[in-house]
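What follows is work-v2.cif (mmCIF, C-alpha atoms (C1' of nucleotides)).
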```cif
data_query
loop_
_atom_site.label_atom_id
_atom_site.label_comp_id
_atom_site.auth_asym_id
_atom_site.auth_seq_id
_atom_site.Cartn_x
_atom_site.Cartn_y
_atom_site.Cartn_z
CA MET Z 11 122.95 116.65 127.28
CA PRO Z 12 125.45 118.93 125.66
CA GLU Z 13 128.90 117.45 125.27
CA LEU Z 14 131.76 118.83 123.17
CA PRO Z 15 130.04 118.60 119.76
CA GLU Z 16 126.86 120.24 121.01
CA VAL Z 17 128.70 123.08 122.73
CA GLU Z 18 130.83 123.55 119.63
CA THR Z 19 127.66 123.84 117.56
CA VAL Z 20 126.08 126.31 119.98
CA LYS Z 21 129.29 128.32 119.87
CA GLU Z 22 129.20 128.56 116.10
CA THR Z 23 125.54 129.54 115.93
CA LEU Z 24 125.82 132.07 118.76
CA LYS Z 25 128.80 133.65 117.08
CA THR Z 26 126.67 134.67 114.12
CA LEU Z 27 123.86 135.86 116.39
CA ILE Z 28 125.42 137.98 119.12
CA VAL Z 29 128.93 139.17 118.24
CA GLY Z 30 128.91 142.96 118.08
CA LYS Z 31 125.88 143.43 120.30
CA THR Z 32 126.11 145.60 123.40
CA VAL Z 33 124.52 144.70 126.73
CA GLU Z 34 122.01 147.17 128.07
CA ASP Z 35 121.03 145.20 131.15
CA VAL Z 36 120.99 141.70 132.56
CA SER Z 37 117.98 140.13 134.28
CA ILE Z 38 118.66 137.28 136.67
CA PHE Z 39 115.65 135.22 137.70
CA LEU Z 40 117.57 132.35 139.31
CA PRO Z 41 120.60 133.83 141.09
CA ARG Z 42 122.07 130.52 142.19
CA LEU Z 43 123.14 129.77 138.59
CA ILE Z 44 125.64 132.63 138.89
CA LYS Z 45 128.57 131.15 140.81
CA GLU Z 46 131.06 134.02 140.47
CA PRO Z 47 130.85 136.90 141.21
CA GLU Z 48 127.75 137.79 143.25
CA PRO Z 49 124.77 138.14 140.90
CA GLU Z 50 124.46 141.89 141.37
CA ALA Z 51 128.14 142.41 140.57
CA PHE Z 52 127.74 140.07 137.59
CA ARG Z 53 124.99 142.31 136.29
CA GLU Z 54 126.90 145.52 136.80
CA MET Z 55 130.07 144.16 135.19
CA LEU Z 56 128.19 143.26 132.02
CA LYS Z 57 126.25 146.48 131.53
CA GLY Z 58 127.54 148.40 128.54
CA ARG Z 59 129.87 145.60 127.40
CA THR Z 60 130.01 144.43 123.81
CA VAL Z 61 130.20 140.78 122.76
CA THR Z 62 133.51 140.35 120.99
CA GLY Z 63 133.51 136.61 120.46
CA VAL Z 64 132.27 133.20 121.47
CA GLY Z 65 134.49 130.26 122.37
CA ARG Z 66 134.56 126.84 123.94
CA ARG Z 67 136.72 124.92 126.39
CA GLY Z 68 135.67 121.32 126.91
CA LYS Z 69 131.94 121.41 127.51
CA PHE Z 70 132.04 125.05 128.59
CA LEU Z 71 130.76 127.83 126.39
CA LEU Z 72 132.76 131.07 126.59
CA ILE Z 73 131.19 134.40 125.71
CA PHE Z 74 133.63 137.30 125.57
CA PHE Z 75 132.36 140.63 126.79
CA ASP Z 76 135.67 142.48 126.94
CA PRO Z 77 137.29 142.76 129.39
CA TRP Z 78 135.31 139.86 130.83
CA VAL Z 79 134.57 136.32 129.77
CA LEU Z 80 131.41 134.48 130.70
CA VAL Z 81 132.09 130.79 131.35
CA SER Z 82 128.82 128.95 130.95
CA HIS Z 83 128.13 125.23 131.46
CA LEU Z 84 124.85 123.98 130.03
CA ARG Z 85 124.91 120.71 132.01
CA MET Z 86 121.93 118.66 130.89
CA GLU Z 87 119.37 121.06 129.56
CA GLY Z 88 120.77 124.57 129.33
CA ARG Z 89 120.11 126.39 126.08
CA TYR Z 90 120.61 129.85 124.65
CA SER Z 91 118.38 131.63 122.20
CA LEU Z 92 118.16 135.10 120.73
CA GLU Z 93 114.72 136.67 120.96
CA LEU Z 94 113.12 140.07 120.57
CA GLN Z 95 112.55 141.75 123.92
CA ASP Z 96 108.77 141.87 123.50
CA GLN Z 97 108.48 138.15 122.90
CA PRO Z 98 106.94 136.33 125.86
CA LYS Z 99 109.41 134.77 128.24
CA GLU Z 100 109.31 131.00 127.97
CA LYS Z 101 109.12 128.83 131.07
CA HIS Z 102 112.48 128.05 132.72
CA THR Z 103 114.13 131.23 131.45
CA HIS Z 104 116.62 132.10 134.19
CA VAL Z 105 118.95 134.76 132.78
CA ILE Z 106 118.36 137.36 130.08
CA PHE Z 107 121.09 139.48 128.53
CA GLY Z 108 119.25 142.44 127.02
CA PHE Z 109 121.03 144.17 124.15
CA THR Z 110 120.78 147.79 123.08
CA ASP Z 111 119.26 146.82 119.72
CA GLY Z 112 116.12 145.37 121.31
CA THR Z 113 117.14 141.74 121.10
CA GLU Z 114 117.85 139.49 124.07
CA LEU Z 115 120.06 136.48 124.65
CA ARG Z 116 118.02 134.21 126.89
CA TYR Z 117 119.25 131.29 128.94
CA ARG Z 118 116.75 128.54 129.69
CA ASP Z 119 117.46 125.48 131.78
CA VAL Z 120 114.74 123.10 132.91
CA ARG Z 121 116.81 121.29 135.52
CA THR Z 122 118.73 124.38 136.57
CA PHE Z 123 122.01 122.50 136.78
CA GLY Z 124 123.83 124.96 134.55
CA THR Z 125 126.46 127.32 135.94
CA MET Z 126 127.91 130.72 135.03
CA HIS Z 127 131.17 132.31 136.08
CA LEU Z 128 132.41 135.73 134.98
CA TRP Z 129 136.16 136.29 135.04
CA PRO Z 130 138.58 138.82 133.64
CA LYS Z 131 139.51 137.64 130.15
CA GLY Z 132 142.79 135.78 130.26
CA GLU Z 133 142.32 134.58 133.82
CA GLU Z 134 139.54 132.10 133.15
CA LEU Z 135 141.82 129.16 132.39
CA ASP Z 136 143.43 129.47 135.82
CA ARG Z 137 140.20 129.66 137.78
CA PRO Z 138 137.26 127.40 138.50
CA PRO Z 139 135.65 125.75 136.71
CA LEU Z 140 138.22 125.54 133.88
CA TYR Z 141 141.46 125.36 135.81
CA LYS Z 142 141.72 121.60 136.12
CA LEU Z 143 140.48 120.55 132.70
CA GLY Z 144 142.48 118.05 130.69
CA PRO Z 145 143.46 118.35 127.02
CA GLU Z 146 141.08 119.15 124.20
CA PRO Z 147 140.62 115.92 122.25
CA LEU Z 148 140.50 117.65 118.86
CA SER Z 149 143.47 119.94 119.37
CA ASP Z 150 146.70 119.38 117.47
CA ALA Z 151 148.45 119.19 120.83
CA PHE Z 152 146.46 116.09 121.73
CA THR Z 153 148.52 113.39 120.04
CA LEU Z 154 148.46 109.62 120.29
CA GLU Z 155 151.73 109.87 122.18
CA GLN Z 156 150.22 112.23 124.74
CA PHE Z 157 147.13 110.05 125.11
CA THR Z 158 149.28 106.96 125.63
CA GLU Z 159 151.41 108.78 128.16
CA ARG Z 160 148.39 109.97 130.12
CA LEU Z 161 146.93 106.47 130.21
CA SER Z 162 150.07 104.89 131.57
CA GLY Z 163 149.93 103.83 135.18
CA ARG Z 164 146.16 104.19 135.38
CA LYS Z 165 144.17 101.23 136.63
CA THR Z 166 140.59 102.43 136.56
CA ARG Z 167 137.97 101.29 134.08
CA ILE Z 168 138.36 103.00 130.74
CA LYS Z 169 134.85 104.48 130.72
CA ALA Z 170 135.35 106.15 134.10
CA LEU Z 171 138.60 107.70 132.90
CA LEU Z 172 137.12 109.00 129.65
CA LEU Z 173 134.33 110.67 131.62
CA ASN Z 174 136.85 112.35 133.88
CA GLN Z 175 137.23 115.91 132.57
CA GLU Z 176 140.62 116.29 134.23
CA PHE Z 177 141.91 113.42 132.12
CA LEU Z 178 140.37 114.52 128.83
CA THR Z 179 137.78 117.21 128.42
CA GLY Z 180 134.65 117.23 126.32
CA LEU Z 181 133.45 113.65 126.32
CA GLY Z 182 130.24 112.79 128.16
CA ASN Z 183 128.15 109.70 128.43
CA ILE Z 184 127.00 109.51 124.81
CA TYR Z 185 130.34 110.02 123.09
CA VAL Z 186 132.21 107.78 125.52
CA ASP Z 187 129.86 104.91 124.72
CA GLU Z 188 130.06 105.63 120.99
CA SER Z 189 133.85 105.93 120.98
CA LEU Z 190 134.32 102.69 122.91
CA TYR Z 191 131.98 100.88 120.54
CA THR Z 192 133.81 102.15 117.49
CA ALA Z 193 137.11 101.13 119.04
CA GLY Z 194 135.74 97.67 119.97
CA ILE Z 195 136.65 98.12 123.64
CA HIS Z 196 134.45 97.06 126.54
CA PRO Z 197 133.63 100.02 128.82
CA GLU Z 198 134.72 98.12 131.94
CA ARG Z 199 138.17 97.22 130.66
CA SER Z 200 140.90 98.23 133.05
CA VAL Z 201 143.11 100.83 131.42
CA SER Z 202 146.17 98.80 132.35
CA THR Z 203 145.06 95.94 130.08
CA LEU Z 204 144.75 98.00 126.91
CA THR Z 205 147.21 97.10 124.17
CA SER Z 206 148.92 99.78 122.12
CA THR Z 207 146.74 98.76 119.17
CA GLU Z 208 143.63 99.31 121.26
CA VAL Z 209 144.87 102.65 122.56
CA LYS Z 210 145.48 103.78 118.99
CA ARG Z 211 142.02 102.62 117.93
CA LEU Z 212 140.47 104.43 120.88
CA TYR Z 213 142.37 107.61 120.17
CA GLU Z 214 141.20 107.58 116.56
CA SER Z 215 137.63 106.64 117.52
CA ILE Z 216 137.33 109.52 119.98
CA ARG Z 217 138.52 112.04 117.42
CA SER Z 218 136.48 110.68 114.51
CA THR Z 219 133.32 110.35 116.60
CA LEU Z 220 133.57 113.91 117.83
CA LYS Z 221 134.37 115.29 114.39
CA GLU Z 222 131.50 113.41 112.82
CA ALA Z 223 129.12 114.66 115.52
CA ILE Z 224 130.23 118.27 115.03
CA GLU Z 225 129.63 117.95 111.29
CA ALA Z 226 126.13 116.66 112.07
CA GLY Z 227 125.44 119.60 114.38
CA GLY Z 228 125.52 117.49 117.55
CA SER Z 229 123.06 114.94 118.94
CA SER Z 230 119.55 115.84 120.05
CA VAL Z 231 119.01 112.94 122.39
CA ARG Z 232 117.12 114.66 125.15
CA SER Z 233 116.46 118.34 124.72
CA TYR Z 234 119.47 119.80 122.97
CA VAL Z 235 119.06 122.46 120.31
CA ASN Z 236 121.64 124.89 118.98
CA GLY Z 237 121.50 128.67 119.33
CA ASN Z 238 119.02 128.82 116.46
CA GLY Z 239 116.69 126.33 118.10
CA GLU Z 240 117.60 123.62 115.59
CA MET Z 241 118.12 119.98 116.53
CA GLY Z 242 121.29 118.07 115.73
CA ARG Z 243 121.43 115.11 113.39
CA PHE Z 244 124.02 112.87 115.02
CA GLN Z 245 121.41 110.99 117.06
CA LEU Z 246 120.52 109.30 113.77
CA ARG Z 247 124.06 107.93 113.59
CA ILE Z 248 124.35 106.79 117.18
CA LYS Z 249 125.31 103.13 117.29
CA VAL Z 250 124.86 102.09 120.93
CA TYR Z 251 123.76 104.91 123.23
CA GLY Z 252 120.12 104.47 124.23
CA ARG Z 253 119.74 101.39 121.99
CA LYS Z 254 119.28 98.78 124.73
CA GLY Z 255 117.89 95.57 123.25
CA GLU Z 256 118.23 96.75 119.68
CA PRO Z 257 120.54 94.87 117.30
CA CYS Z 258 124.19 95.83 116.96
CA HIS Z 259 124.70 97.33 113.51
CA CYS Z 260 127.73 95.13 113.03
CA CYS Z 261 126.72 91.69 114.32
CA GLY Z 262 123.03 91.86 115.27
CA THR Z 263 123.58 91.01 118.94
CA PRO Z 264 121.20 93.01 121.18
CA ILE Z 265 122.89 96.05 122.72
CA VAL Z 266 123.38 95.67 126.47
CA ARG Z 267 122.75 98.39 129.05
CA THR Z 268 124.57 98.33 132.37
CA VAL Z 269 125.77 100.94 134.84
CA VAL Z 270 129.45 101.88 134.85
CA ALA Z 271 130.84 104.72 136.93
CA GLY Z 272 127.28 105.58 137.89
CA ARG Z 273 126.21 106.15 134.30
CA GLY Z 274 123.96 104.22 131.97
CA THR Z 275 126.33 102.35 129.69
CA HIS Z 276 125.55 100.80 126.32
CA PHE Z 277 127.70 98.35 124.42
CA CYS Z 278 127.77 95.26 122.23
CA SER Z 279 128.89 92.25 124.23
CA LYS Z 280 130.22 90.57 121.08
CA CYS Z 281 131.98 93.45 119.33
CA GLN Z 282 133.52 94.99 122.46
CA ASP Z 283 135.92 93.10 124.69
"C1'" DA A 10 144.57 106.39 142.62
"C1'" DC A 11 140.16 104.53 142.76
"C1'" DA A 12 135.21 103.38 143.93
"C1'" DC A 13 131.14 104.80 145.44
"C1'" DA A 14 127.33 107.43 147.78
"C1'" DC A 15 125.08 111.62 147.81
"C1'" DC A 16 123.42 116.06 146.23
"C1'" DC A 17 121.60 119.41 143.03
"C1'" DC A 18 116.63 119.43 139.81
"C1'" DT A 19 112.57 118.54 136.86
"C1'" DG A 20 109.47 116.17 133.84
"C1'" DG A 21 108.43 112.07 131.77
"C1'" DA A 22 107.95 107.18 132.35
"C1'" DA A 23 106.79 103.38 134.97
"C1'" DG A 24 104.31 101.25 138.66
"C1'" DC A 25 100.26 100.70 141.37
"C1'" DT Q 1 92.19 107.88 135.41
"C1'" DG Q 2 95.29 109.62 138.85
"C1'" DC Q 3 98.45 109.24 142.22
"C1'" DT Q 4 103.29 108.09 143.76
"C1'" DT Q 5 107.86 106.66 142.82
"C1'" DC Q 6 111.75 106.23 139.97
"C1'" DC Q 7 115.12 107.80 136.88
"C1'" DA Q 8 118.42 110.51 133.91
"C1'" DG Q 9 122.64 113.22 133.99
"C1'" DG Q 10 127.71 116.44 135.00
"C1'" DG Q 11 130.21 117.67 138.35
"C1'" DG Q 12 131.27 118.81 143.17
"C1'" DT Q 13 132.08 116.91 147.59
"C1'" DG Q 14 132.92 113.61 151.03
"C1'" DT Q 15 134.12 108.86 152.74
"C1'" DG Q 16 136.51 104.53 152.74
#
```
Could you spell out this file's structure in structure tokens?
Amino acid sequence: MPELPEVETVKETLKTLIVGKTVEDVSIFLPRLIKEPEPEAFREMLKGRTVTGVGRRGKFLLIFFDPWVLVSHLRMEGRYSLELQDQPKEKHTHVIFGFTDGTELRYRDVRTFGTMHLWPKGEELDRPPLYKLGPEPLSDAFTLEQFTERLSGRKTRIKALLLNQEFLTGLGNIYVDESLYTAGIHPERSVSTLTSTEVKRLYESIRSTLKEAIEAGGSSVRSYVNGNGEMGRFQLRIKVYGRKGEPCHCCGTPIVRTVVAGRGTHFCSKCQD
DNA sequence: ACACACCCCTGGAAGC
DNA sequence: TGCTTCCAGGGGTGTG
């Protein structure tokens, strides 16, 4: 399930693979993935356009085809790969961007939850699905002071808030559980009960966890691979997510799994309170 | 503001 | 062995 570190890794690999290539045609096998504009317009807008860059906002991958920008969300299982046009199409391939040099950028998505929007470059941040997103956790603008300010007055459980992309963008289920573990905070703690020490620990844990995961090339927990088809390595460093019943690395207590905010939630009942 | 149910979807796991 | 049922997840929407 691609979260910020996985999308960041895909962005970096795609950059080396597709920048400079020109679209000859686009094949759409599952039109409902294309949310804006209508699929046929989407296709026509991209024909003849050259990839000028690849970016990221939260968990969204941005591919610039001046004057447009493709805003792509991989959801759980979306993945991009560059193939030669005569290579057989793998199952669950839903969109193919064919380039003039005979290569193709292919989008595969087993669960078909992914989405694509195509907007004029420069307008994407003011339109769905990016327009409501909260701050980028790794940006310089995201300071402890801003985090503290945004938390004030909130009464929900901390895990629910960290999953809320309008509050902070980029964290998903894995990195929320990991960040809360590292900070020693129970996922069901009400935000209003957090001390300033805990808020500081959480702020630092979120940033260090994400940075460490990016350095490791993301986590391949389910099906994630980067644009080169390579798995990440951070799953080897995961401390709680998916480790129900296994010993806490710190104290040996079995990791607990519950459901918080509708998501499977893993934590150490001794180290997190 | 917050909690929760529901929906989208598929394949793998679990249950029978 | 083979069938059916359950479950995971991000985000949108709707209800209380």
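For the pair atom CA of His196 of chain Z and atom CA of Ile248 of chain Z, the interatomic distance is 16.9 Å.
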Could you tell me which residues the PyMOL selection byres ((chain Z) within 8 of (chain Q)) grabs in this file, written as a PyMOL selection string?
chain Z and resi 11+85-86+273
Just want the 10 Å neighbourhood of Ser202 of chain Z, counted on all atoms listed in the file, with same-chain residues fewer than 6 positions away dropped. Output as a PDB file with C-alpha atoms, in the frame of the given file.
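Below you can see part_24.pdb, which holds the result:
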```
ATOM      1  CA  LEU Z 161     146.930 106.470 130.210  1.00  0.00           C
ATOM      2  CA  SER Z 162     150.070 104.890 131.570  1.00  0.00           C
ATOM      3  CA  GLY Z 163     149.930 103.830 135.180  1.00  0.00           C
ATOM      4  CA  ARG Z 164     146.160 104.190 135.380  1.00  0.00           C
ATOM      5  CA  LYS Z 165     144.170 101.230 136.630  1.00  0.00           C
ATOM      6  CA  THR Z 166     140.590 102.430 136.560  1.00  0.00           C
ATOM      7  CA  ARG Z 167     137.970 101.290 134.080  1.00  0.00           C
ATOM      8  CA  ILE Z 168     138.360 103.000 130.740  1.00  0.00           C
TER       9      ILE Z 168
END
```
Answer key for the PyMOL selection byres ((chain Z) within 12 of (chain A)), residues as a list of chain:residue names:
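When the PyMOL selection byres ((chain Z) within 12 of (chain A)) is applied to the shown file, the picked residues are Z:Arg42, Z:Leu43, Z:Arg85, Z:Met86, Z:Glu87, Z:His102, Z:Asp119, Z:Val120, Z:Arg121, Z:Thr122, Z:Phe123, Z:Gly124, Z:Thr125, Z:Gly163, Z:Arg164, Z:Lys165, Z:Thr166, Z:Arg167, Z:Ala170, Z:Leu171, Z:Ser200, Z:Arg232, Z:Ser233, Z:Val270, Z:Ala271, Z:Gly272.
Distance check against Glu208 of chain Z using only C-alpha atoms: of Z:Leu190, Z:Leu40, Z:Leu172, Z:Ile73, the minimum falls on Z:Leu190.
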Name the residues captured by the PyMOL selection byres ((chain Z and resi 32) around 9) when it is applied to the shown file; answer as a ChimeraX atom specification.
/Z:28-31,33-34,57-61,75,108-111
Atom-to-atom span, atom CA of Arg243 of chain Z and atom CA of Thr268 of chain Z, Å:
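Pair atom CA of Arg243 of chain Z / atom CA of Thr268 of chain Z returns 25.5 Å.
Restricting the calculation to all atoms listed in the file, the smallest distance between Thr103 of chain Z and any of Z:Arg199, Z:Pro41, Z:Cys281, Z:Thr153 is found for Z:Pro41.
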Length of the atom CA of Arg211 of chain Z to atom CA of Tyr191 of chain Z vector [Å]
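A separation of 10.5 Å between them.
The shortest atom-to-atom distance to Ser279 of chain Z, with all atoms listed in the file taken into account, belongs to Z:Glu198 out of Z:Glu214, Z:Glu22, Z:Glu198, Z:Glu134.
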